[in-house]
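The next block is coords.txt, given as compact mmCIF, C-alpha atoms.
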```txt
# COMPACT_ATOMS: atom_id res chain seq x y z
CA MET A 11 178.29 93.92 -88.22
CA ILE A 12 175.03 94.62 -90.08
CA ARG A 13 174.74 97.99 -88.36
CA ARG A 14 178.29 98.91 -89.47
CA PHE A 15 177.57 97.74 -93.04
CA TRP A 16 174.57 100.02 -93.38
CA LEU A 17 176.55 102.83 -91.77
CA ALA A 18 179.27 102.41 -94.46
CA VAL A 19 176.63 102.46 -97.21
CA TRP A 20 175.21 105.64 -95.78
CA MET A 21 178.63 107.25 -95.73
CA LEU A 22 179.16 106.42 -99.44
CA VAL A 23 176.20 108.57 -100.46
CA VAL A 24 177.32 111.55 -98.42
CA ALA A 25 178.74 114.42 -100.52
CA TRP A 26 182.49 115.04 -100.32
CA PRO A 27 183.60 117.10 -98.51
CA ALA A 28 180.84 117.06 -95.91
CA LEU A 29 179.88 120.08 -93.84
CA ALA A 30 181.33 120.22 -90.31
CA GLU A 31 179.17 118.27 -87.88
CA THR A 32 179.42 116.81 -84.39
CA MET A 33 179.61 113.02 -84.01
CA TYR A 34 180.67 110.66 -81.20
CA ILE A 35 183.36 108.00 -80.76
CA ASP A 36 181.67 104.61 -80.98
CA ASP A 37 181.22 102.29 -78.02
CA THR A 38 184.93 101.32 -77.98
CA LEU A 39 187.39 101.87 -75.16
CA TYR A 40 189.91 104.11 -76.95
CA VAL A 41 190.43 105.08 -80.63
CA PRO A 42 193.85 106.44 -81.75
CA LEU A 43 194.01 109.59 -83.83
CA ARG A 44 196.54 109.60 -86.72
CA ALA A 45 198.15 112.29 -88.80
CA GLY A 46 196.85 110.79 -92.09
CA GLU A 47 194.36 108.40 -93.59
CA GLY A 48 195.97 105.08 -92.83
CA LEU A 49 197.80 102.97 -90.27
CA GLN A 50 201.16 104.08 -91.70
CA TYR A 51 200.73 107.60 -90.34
CA LYS A 52 201.91 108.52 -86.88
CA ILE A 53 199.53 108.73 -83.93
CA VAL A 54 198.82 112.32 -82.87
CA HIS A 55 196.53 111.24 -80.01
CA LYS A 56 197.06 107.98 -78.16
CA GLY A 57 193.39 107.27 -77.80
CA ILE A 58 190.10 109.12 -77.66
CA LYS A 59 187.80 107.66 -75.06
CA SER A 60 184.53 106.23 -76.28
CA GLY A 61 181.63 108.63 -75.98
CA THR A 62 183.84 111.68 -76.61
CA PRO A 63 182.17 114.18 -78.98
CA VAL A 64 184.37 115.22 -81.91
CA GLU A 65 183.84 117.66 -84.76
CA VAL A 66 183.89 115.89 -88.14
CA ILE A 67 185.66 118.05 -90.71
CA ARG A 68 185.20 115.70 -93.69
CA HIS A 69 184.60 112.07 -94.64
CA ASN A 70 186.56 110.04 -97.22
CA PRO A 71 184.50 107.02 -98.30
CA ASP A 72 187.38 105.72 -100.39
CA SER A 73 189.85 105.42 -97.53
CA GLY A 74 187.24 104.82 -94.86
CA TYR A 75 188.76 107.59 -92.72
CA SER A 76 187.34 110.86 -91.45
CA GLU A 77 189.15 114.00 -90.42
CA VAL A 78 188.02 115.12 -86.96
CA ARG A 79 188.86 117.72 -84.32
CA THR A 80 188.87 116.78 -80.61
CA PRO A 81 187.44 119.02 -77.87
CA GLU A 82 191.08 119.95 -77.07
CA GLY A 83 191.53 121.24 -80.65
CA ILE A 84 193.71 118.36 -81.92
CA THR A 85 193.06 117.55 -85.60
CA GLY A 86 193.66 114.09 -87.04
CA TYR A 87 192.23 111.07 -88.85
CA MET A 88 190.37 108.02 -87.53
CA PRO A 89 188.40 105.17 -89.14
CA THR A 90 184.92 106.33 -90.01
CA ARG A 91 183.44 103.10 -88.67
CA TYR A 92 184.20 104.29 -85.13
CA LEU A 93 181.92 107.31 -85.53
CA VAL A 94 178.22 107.24 -84.72
CA ALA A 95 175.64 109.98 -84.98
CA LYS A 96 174.29 109.50 -81.46
CA PRO A 97 175.93 109.30 -78.04
CA ILE A 98 176.92 105.78 -76.96
CA ALA A 99 174.49 103.64 -75.03
CA LYS A 100 176.27 104.36 -71.74
CA GLN A 101 175.86 108.10 -72.25
CA ARG A 102 172.30 107.73 -73.41
CA LEU A 103 171.62 105.55 -70.38
CA ALA A 104 173.25 108.14 -68.14
CA ALA A 105 171.16 110.88 -69.77
CA LEU A 106 168.03 108.81 -69.40
CA GLN A 107 168.95 108.06 -65.80
CA LYS A 108 169.45 111.78 -65.21
CA GLN A 109 166.08 112.52 -66.78
CA TYR A 110 164.56 109.72 -64.72
CA ASP A 111 166.09 111.10 -61.53
CA ALA A 112 164.86 114.60 -62.42
CA LEU A 113 161.37 113.28 -63.13
CA ARG A 114 161.49 111.23 -59.93
CA GLU A 115 162.57 114.29 -57.99
CA ARG A 116 159.79 116.29 -59.59
CA SER A 117 157.38 113.48 -58.77
CA SER A 118 158.61 113.43 -55.17
CA SER A 119 158.26 117.21 -55.02
CA ALA A 120 154.78 116.92 -56.52
CA GLU A 121 153.86 114.24 -53.98
CA ALA A 122 155.23 116.36 -51.14
CA ARG A 123 153.34 119.36 -52.50
CA GLU A 124 150.21 117.23 -52.79
CA LYS A 125 150.61 116.09 -49.17
CA GLU A 126 151.14 119.68 -48.12
CA LEU A 127 148.07 120.81 -50.05
CA ASN A 128 146.04 117.93 -48.60
CA ALA A 129 147.18 118.97 -45.11
CA GLN A 130 146.19 122.56 -45.86
CA ILE A 131 142.85 121.38 -47.23
CA GLY A 132 142.33 119.31 -44.08
CA GLU A 133 143.18 122.30 -41.88
CA LEU A 134 140.89 124.57 -43.92
CA THR A 135 138.13 121.96 -43.67
CA ARG A 136 138.54 121.79 -39.89
CA GLU A 137 138.60 125.58 -39.71
CA ARG A 138 135.43 125.70 -41.82
CA ASP A 139 133.76 123.25 -39.46
CA ARG A 140 134.83 125.32 -36.44
CA LEU A 141 133.51 128.47 -38.08
CA ALA A 142 130.25 126.67 -38.89
CA GLU A 143 129.93 125.67 -35.23
CA GLN A 144 130.62 129.25 -34.16
CA VAL A 145 128.03 130.52 -36.63
CA ASN A 146 125.47 128.04 -35.30
CA ALA A 147 126.27 129.05 -31.72
CA LEU A 148 125.99 132.75 -32.61
CA GLN A 149 122.72 132.09 -34.43
CA THR A 150 121.35 130.29 -31.37
CA GLU A 151 122.48 133.14 -29.14
CA LEU A 152 120.92 135.67 -31.51
CA ASN A 153 117.64 133.75 -31.44
CA ASN A 154 117.77 133.74 -27.64
CA ILE A 155 118.47 137.48 -27.62
CA LYS A 156 115.55 138.05 -29.97
CA ARG A 157 113.32 135.91 -27.78
CA ILE A 158 114.50 137.73 -24.64
CA SER A 159 114.04 141.05 -26.41
CA ALA A 160 110.51 140.09 -27.39
CA ASN A 161 109.85 139.04 -23.79
CA ALA A 162 111.42 142.30 -22.57
CA VAL A 163 109.13 144.32 -24.83
CA GLN A 164 106.18 142.32 -23.60
CA LEU A 165 107.31 142.74 -20.00
CA ASP A 166 107.78 146.46 -20.53
CA GLN A 167 104.26 146.72 -21.87
CA SER A 168 102.98 144.64 -18.97
CA ASN A 169 104.86 146.88 -16.55
CA ARG A 170 103.34 149.97 -18.13
CA GLU A 171 99.89 148.42 -17.84
CA LEU A 172 100.57 147.46 -14.22
CA ARG A 173 101.81 150.98 -13.44
CA GLU A 174 98.68 152.45 -15.02
CA GLU A 175 96.54 149.99 -13.08
CA ASN A 176 98.44 150.86 -9.90
CA VAL A 177 97.84 154.56 -10.48
CA ARG A 178 94.16 153.89 -11.11
CA LEU A 179 93.89 151.80 -7.96
CA ARG A 180 95.72 154.41 -5.93
CA ASN A 181 93.31 157.03 -7.21
CA GLU A 182 90.41 154.80 -6.27
CA VAL A 183 91.94 154.19 -2.84
CA GLU A 184 92.42 157.92 -2.34
CA LEU A 185 88.85 158.49 -3.46
CA LEU A 186 87.60 155.81 -1.07
CA ASN A 187 89.67 157.29 1.72
CA SER A 188 88.20 160.67 0.95
CA ASP A 189 84.68 159.23 0.93
CA ASN A 190 85.39 157.36 4.14
CA GLN A 191 86.67 160.51 5.81
CA ARG A 192 83.66 162.41 4.60
CA LEU A 193 81.40 159.71 5.96
CA LYS A 194 83.26 159.82 9.24
CA ASP A 195 82.88 163.58 9.34
CA ASP A 196 79.17 163.31 8.53
CA SER A 197 78.73 160.64 11.21
CA ALA A 198 80.50 162.80 13.76
CA GLN A 199 78.32 165.76 12.91
CA LYS A 200 75.23 163.62 13.21
CA MET A 201 76.39 162.30 16.55
CA MET A 202 77.00 165.83 17.71
CA LEU A 203 73.56 166.83 16.53
CA TYR A 204 72.04 163.82 18.20
CA GLY A 205 73.90 164.63 21.39
CA ALA A 206 72.82 168.22 21.27
CA GLY A 207 69.24 167.14 20.64
CA LEU A 208 69.33 164.77 23.56
CA VAL A 209 70.79 167.45 25.80
CA LEU A 210 68.13 169.87 24.64
CA LEU A 211 65.46 167.24 25.17
CA GLY A 212 66.79 166.56 28.64
CA VAL A 213 66.69 170.26 29.42
CA LEU A 214 63.15 170.53 28.14
CA ILE A 215 62.12 167.53 30.12
CA ALA A 216 63.81 168.91 33.22
CA VAL A 217 62.04 172.23 32.80
CA VAL A 218 58.67 171.26 31.36
CA VAL A 219 57.85 168.16 33.43
CA PRO A 220 58.03 169.92 36.85
CA ASN A 221 55.87 172.74 35.48
CA LEU A 222 53.34 170.26 34.23
CA LYS A 223 53.24 168.58 37.61
CA ARG A 224 52.72 171.93 39.35
CA GLN A 225 49.91 172.86 36.95
CA LYS A 226 48.15 169.59 37.64
CA ARG A 227 48.39 170.12 41.36
CA SER A 228 47.06 173.64 40.99
CA SER A 229 44.08 172.42 39.07
CA TRP A 230 43.27 169.95 41.78
```
structure tokens encoding of this file:
Amino acid sequence: MIRRFWLAVWMLVVAWPALAETMYIDDTLYVPLRAGEGLQYKIVHKGIKSGTPVEVIRHNPDSGYSEVRTPEGITGYMPTRYLVAKPIAKQRLAALQKQYDALRERSSSAEAREKELNAQIGELTRERDRLAEQVNALQTELNNIKRISANAVQLDQSNRELREENVRLRNEVELLNSDNQRLKDDSAQKMMLYGAGLVLLGVLIAVVVPNLKRQKRSSW
């Protein structure tokens, strides 16, 4: 009742006629629409359902009626007290419920997106760990290759030194073989000389000794 009293006071200060505006049927089941400003006029619409938006053509504070136009285009009069500036509570609740459902859906979508992103982050983290392991394995293999390469270089140098040493030793062996052959040749020559000397000495002995014996006999 207090709310309707203040609403009537507010209507009294509104200029007549008022500009066309959209208002709503109050939280009542049905409101009849009449052809004039009073109960004596015929009903042009049996009842406008509460929550229906109507276009207010003008207010009449004296009679307490307002001329309105329904969404179907029917024009008539109804008590101003049934008009409110906002949708009824049921409609507001429905609108709020719709907003709530939309926000809840968005929240659900955000949560699903968050889960999806978390799953992607987890997969990327696992992939990063796998790549880190591969990098470590490749680094270890590279270090081994470097170590083997260093050993190969060292082995190659050692092989070169061994080959040079082998060549030097072979030269020395060939030189020793040459010296040995020369010594053998010298020894053979000496043996031949010794043999020839012995033969010559034997011949001299065979010739000279009998002559010496004959000379001694002759002197006797």
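For A:Ser73, the non-local neighbours within 9 Å, defined as residues at least 3 positions apart in the same chain or in other chains and counting all atoms listed in the file, are Glu47, Gly48, His69, Asn70, Ser76 and Pro89 of chain A.
Comparing A:Arg192, A:Lys96, A:Arg170, A:Arg91 by their smallest distance to A:Gly74, the closest is A:Arg91 (using all atoms listed in the file).
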Computed interatomic separation between atom CA of A:Thr62 and atom CA of A:Thr85 (Å):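 Taking atom CA of A:Thr62 and atom CA of A:Thr85, their separation equals 14.2 Å.
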Report the centre and edge lengths, in Å to one decimal, of an axis-aligned box enclosing every atom of stretch 151-170 of chain A listed in the file, padded by 8 Å on each side, as lines of an AutoDock Vina configuration file.
```
center_x = 112.7
center_y = 141.6
center_z = -24.0
size_x = 35.5
size_y = 32.8
size_z = 31.0
```
Between atom CA of A:Asn154 and atom CA of A:Arg140 - distance in Å to one decimal: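 One can read the atom CA of A:Arg140 to atom CA of A:Asn154 distance as 21.0 Å.
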